[in-house]
Amino acid sequence: MYLSFFVKLNFNTSVKYECSKVISGHFIMSYYEMTYGEILDTKYLYQIIQNHNPYLCKNLHFYDLGSGYGNIVLQFRNHFKKTIGVELVKERHDIAEKKNNYLNVIFIHNNFFHIYLQNPCVVLVNNLCLGKGTNKRLGIKLLKELTNNDVLILTKKISTLEKYYIDQFLITCSWGESEIYVYKWK
């Protein structure tokens, strides 16, 4: 059983949130974990990626886990071999899909725990609102799937990835200035 409700946002838009827990063995994210926000300064984000990546980005896959409306995925389409957005909330995924007219852009409506990352890659996760357990599972997933020279950018540190941590930056986001943390697999 779960609870659905709408939250009224600025500019007369609404976002549907579902609150729940583990149901029949399936993990359902909480209201807090479904909070939406995005990195706005994508030029700076791309500059950070370039500075920490030994490869040409054109040879890499770019993943945005929790891609929302797909803005970063679409903006990075000309910089990477393939850009992939993974979004759990159907309404956000559908909006991203409607904006997509590009062969190298893929939007996946699924839980990011159910997709496998292709290497070499750059992975972005706005994990600031993810709970402790979800971040722990995310860390385990990334440890298993990321390999040499893959780059990871998070909005909240994950302690199990500490040996791969290399730098942090302030970046403009929809909620204000925020830290991003850069990790690199060696």
# chains A, B, ... in the order shown; residues from 1 in each chain; ligands from 1

$ residues_around --residues "Val151 of chain A" --least-positions-apart "3" --cutoff "10 Å" --atoms "only C-alpha atoms" --output "list in words"
Ile49, Gln50, His52, Asn53, Pro54, Phe62, Pro120, Cys121, Val122, Val123, Leu124, Leu146, Thr147, Asn148, Tyr164, Tyr165, Val182, Tyr183, Lys184, Trp185 and Lys186 of chain A

$ atom_distance --atom1 "atom CA of Ile171 of chain A" --atom2 "atom CA of Thr134 of chain A"
23.5 Å

$ residues_around --residues "Leu65 of chain A" --least-positions-apart "5" --cutoff "9 Å" --atoms "only C-alpha atoms" --output "MDAnalysis selection string"
chainID A and resid 84:87 111:112 123:127

$ write_last_selection --atoms "N, CA, C and O atoms" --output "PDB file, in the first residue's frame"
ATOM      1  N   ILE A  84      22.852   8.951 -21.284  1.00  0.00           N
ATOM      2  CA  ILE A  84      21.780   8.090 -20.784  1.00  0.00           C
ATOM      3  C   ILE A  84      21.228   8.684 -19.499  1.00  0.00           C
ATOM      4  O   ILE A  84      21.986   8.942 -18.556  1.00  0.00           O
ATOM      5  N   GLY A  85      19.929   8.894 -19.473  1.00  0.00           N
ATOM      6  CA  GLY A  85      19.263   9.363 -18.274  1.00  0.00           C
ATOM      7  C   GLY A  85      18.386   8.264 -17.710  1.00  0.00           C
ATOM      8  O   GLY A  85      17.626   7.635 -18.449  1.00  0.00           O
ATOM      9  N   VAL A  86      18.503   8.019 -16.415  1.00  0.00           N
ATOM     10  CA  VAL A  86      17.694   6.996 -15.750  1.00  0.00           C
ATOM     11  C   VAL A  86      16.833   7.707 -14.716  1.00  0.00           C
ATOM     12  O   VAL A  86      17.357   8.389 -13.833  1.00  0.00           O
ATOM     13  N   GLU A  87      15.524   7.562 -14.842  1.00  0.00           N
ATOM     14  CA  GLU A  87      14.589   8.255 -13.959  1.00  0.00           C
ATOM     15  C   GLU A  87      13.498   7.301 -13.510  1.00  0.00           C
ATOM     16  O   GLU A  87      12.885   6.610 -14.328  1.00  0.00           O
ATOM     17  N   ASN A 111      14.459   2.054 -12.016  1.00  0.00           N
ATOM     18  CA  ASN A 111      15.259   2.307 -10.831  1.00  0.00           C
ATOM     19  C   ASN A 111      16.720   2.159 -11.252  1.00  0.00           C
ATOM     20  O   ASN A 111      17.081   1.175 -11.906  1.00  0.00           O
ATOM     21  N   PHE A 112      17.590   3.095 -10.898  1.00  0.00           N
ATOM     22  CA  PHE A 112      18.979   3.009 -11.356  1.00  0.00           C
ATOM     23  C   PHE A 112      19.708   1.793 -10.811  1.00  0.00           C
ATOM     24  O   PHE A 112      20.758   1.416 -11.320  1.00  0.00           O
ATOM     25  N   VAL A 123      29.613   9.282 -14.579  1.00  0.00           N
ATOM     26  CA  VAL A 123      28.332   9.097 -13.915  1.00  0.00           C
ATOM     27  C   VAL A 123      28.058  10.292 -13.017  1.00  0.00           C
ATOM     28  O   VAL A 123      28.913  10.687 -12.223  1.00  0.00           O
ATOM     29  N   LEU A 124      26.873  10.860 -13.164  1.00  0.00           N
ATOM     30  CA  LEU A 124      26.406  11.953 -12.307  1.00  0.00           C
ATOM     31  C   LEU A 124      25.229  11.448 -11.496  1.00  0.00           C
ATOM     32  O   LEU A 124      24.293  10.860 -12.053  1.00  0.00           O
ATOM     33  N   VAL A 125      25.285  11.662 -10.179  1.00  0.00           N
ATOM     34  CA  VAL A 125      24.164  11.299  -9.323  1.00  0.00           C
ATOM     35  C   VAL A 125      23.908  12.452  -8.358  1.00  0.00           C
ATOM     36  O   VAL A 125      24.778  12.796  -7.560  1.00  0.00           O
ATOM     37  N   ASN A 126      22.742  13.050  -8.466  1.00  0.00           N
ATOM     38  CA  ASN A 126      22.319  14.066  -7.505  1.00  0.00           C
ATOM     39  C   ASN A 126      21.703  13.301  -6.333  1.00  0.00           C
ATOM     40  O   ASN A 126      20.499  13.117  -6.252  1.00  0.00           O
ATOM     41  N   ASN A 127      22.574  12.834  -5.431  1.00  0.00           N
ATOM     42  CA  ASN A 127      22.162  11.940  -4.347  1.00  0.00           C
ATOM     43  C   ASN A 127      21.964  12.663  -3.019  1.00  0.00           C
ATOM     44  O   ASN A 127      21.847  12.027  -1.982  1.00  0.00           O
TER      45      ASN A 127
END

$ closest_residue --among "A:Thr160, A:Thr42, A:Gln47, A:Thr155" --to "Tyr181 of chain A" --atoms "only C-alpha atoms"
A:Thr155

$ atom_distance --atom1 "atom CA of Asn104 of chain A" --atom2 "atom CA of Tyr69 of chain A"
16.8 Å

$ residues_around --residues "segment 88-91 of chain A" --least-positions-apart "4" --cutoff "7 Å" --atoms "only C-alpha atoms" --output "number ranges by chain"
A: 66, 95, 109-111

$ write_last_selection --atoms "all heavy atoms" --output "JSON list (two decimals), in the first residue's frame"
[["chain", "number", "residue", "atom", "x", "y", "z"],
["A", 66, "GLY", "N", 18.94, 9.43, -11.99],
["A", 66, "GLY", "CA", 17.97, 10.34, -11.41],
["A", 66, "GLY", "C", 17.90, 11.58, -12.29],
["A", 66, "GLY", "O", 18.03, 12.71, -11.83],
["A", 95, "ILE", "N", 8.33, 13.42, -19.75],
["A", 95, "ILE", "CA", 8.66, 14.77, -20.22],
["A", 95, "ILE", "C", 10.02, 14.76, -20.91],
["A", 95, "ILE", "O", 10.19, 15.36, -21.99],
["A", 95, "ILE", "CB", 8.63, 15.79, -19.05],
["A", 95, "ILE", "CG1", 7.17, 16.01, -18.61],
["A", 95, "ILE", "CG2", 9.29, 17.11, -19.45],
["A", 95, "ILE", "CD1", 7.02, 16.78, -17.32],
["A", 109, "HIS", "N", 13.18, 4.56, -18.10],
["A", 109, "HIS", "CA", 12.27, 4.67, -16.96],
["A", 109, "HIS", "C", 12.46, 3.42, -16.11],
["A", 109, "HIS", "O", 11.92, 2.35, -16.41],
["A", 109, "HIS", "CB", 10.81, 4.79, -17.44],
["A", 109, "HIS", "CG", 9.84, 4.79, -16.30],
["A", 109, "HIS", "ND1", 8.79, 3.91, -16.24],
["A", 109, "HIS", "CD2", 9.77, 5.54, -15.18],
["A", 109, "HIS", "CE1", 8.11, 4.12, -15.13],
["A", 109, "HIS", "NE2", 8.70, 5.10, -14.47],
["A", 110, "ASN", "N", 13.29, 3.57, -15.06],
["A", 110, "ASN", "CA", 13.59, 2.43, -14.21],
["A", 110, "ASN", "C", 14.32, 2.92, -12.97],
["A", 110, "ASN", "O", 14.75, 4.07, -12.90],
["A", 110, "ASN", "CB", 14.48, 1.43, -14.96],
["A", 110, "ASN", "CG", 14.33, 0.01, -14.45],
["A", 110, "ASN", "OD1", 13.95, -0.21, -13.30],
["A", 110, "ASN", "ND2", 14.64, -0.95, -15.30],
["A", 111, "ASN", "N", 14.46, 2.05, -12.02],
["A", 111, "ASN", "CA", 15.26, 2.31, -10.83],
["A", 111, "ASN", "C", 16.72, 2.16, -11.25],
["A", 111, "ASN", "O", 17.08, 1.18, -11.91],
["A", 111, "ASN", "CB", 14.89, 1.27, -9.76],
["A", 111, "ASN", "CG", 15.54, 1.53, -8.45],
["A", 111, "ASN", "OD1", 16.69, 1.91, -8.36],
["A", 111, "ASN", "ND2", 14.79, 1.29, -7.38]]

$ closest_residue --among "A:Ser159, A:Lys43, A:Leu74, A:Asp167" --to "Lys99 of chain A" --atoms "only C-alpha atoms"
A:Leu74

$ select_by_dssp --residues "chain A" --states "strand (DSSP E)" --output "ChimeraX atom specification"
/A:3-8,14-19,61-65,82-87,105-109,121-125,151-154,165-173,176-184

$ residues_around --residues "Glu145 of chain A" --least-positions-apart "4" --cutoff "9 Å" --atoms "only C-alpha atoms" --output "PyMOL selection string"
chain A and resi 116-119+140-141

$ select_by_dssp --residues "segment 59-114 of chain A" --states "helix (DSSP H, G or I)" --output "PyMOL selection string"
chain A and resi 59+71-75+90-99+112-114

$ closest_residue --among "A:His114, A:Asn71, A:Asn149, A:Leu103" --to "Ile39 of chain A" --atoms "only C-alpha atoms"
A:Asn71

$ atom_distance --atom1 "atom CA of Leu40 of chain A" --atom2 "atom CA of Phe113 of chain A"
25.1 Å
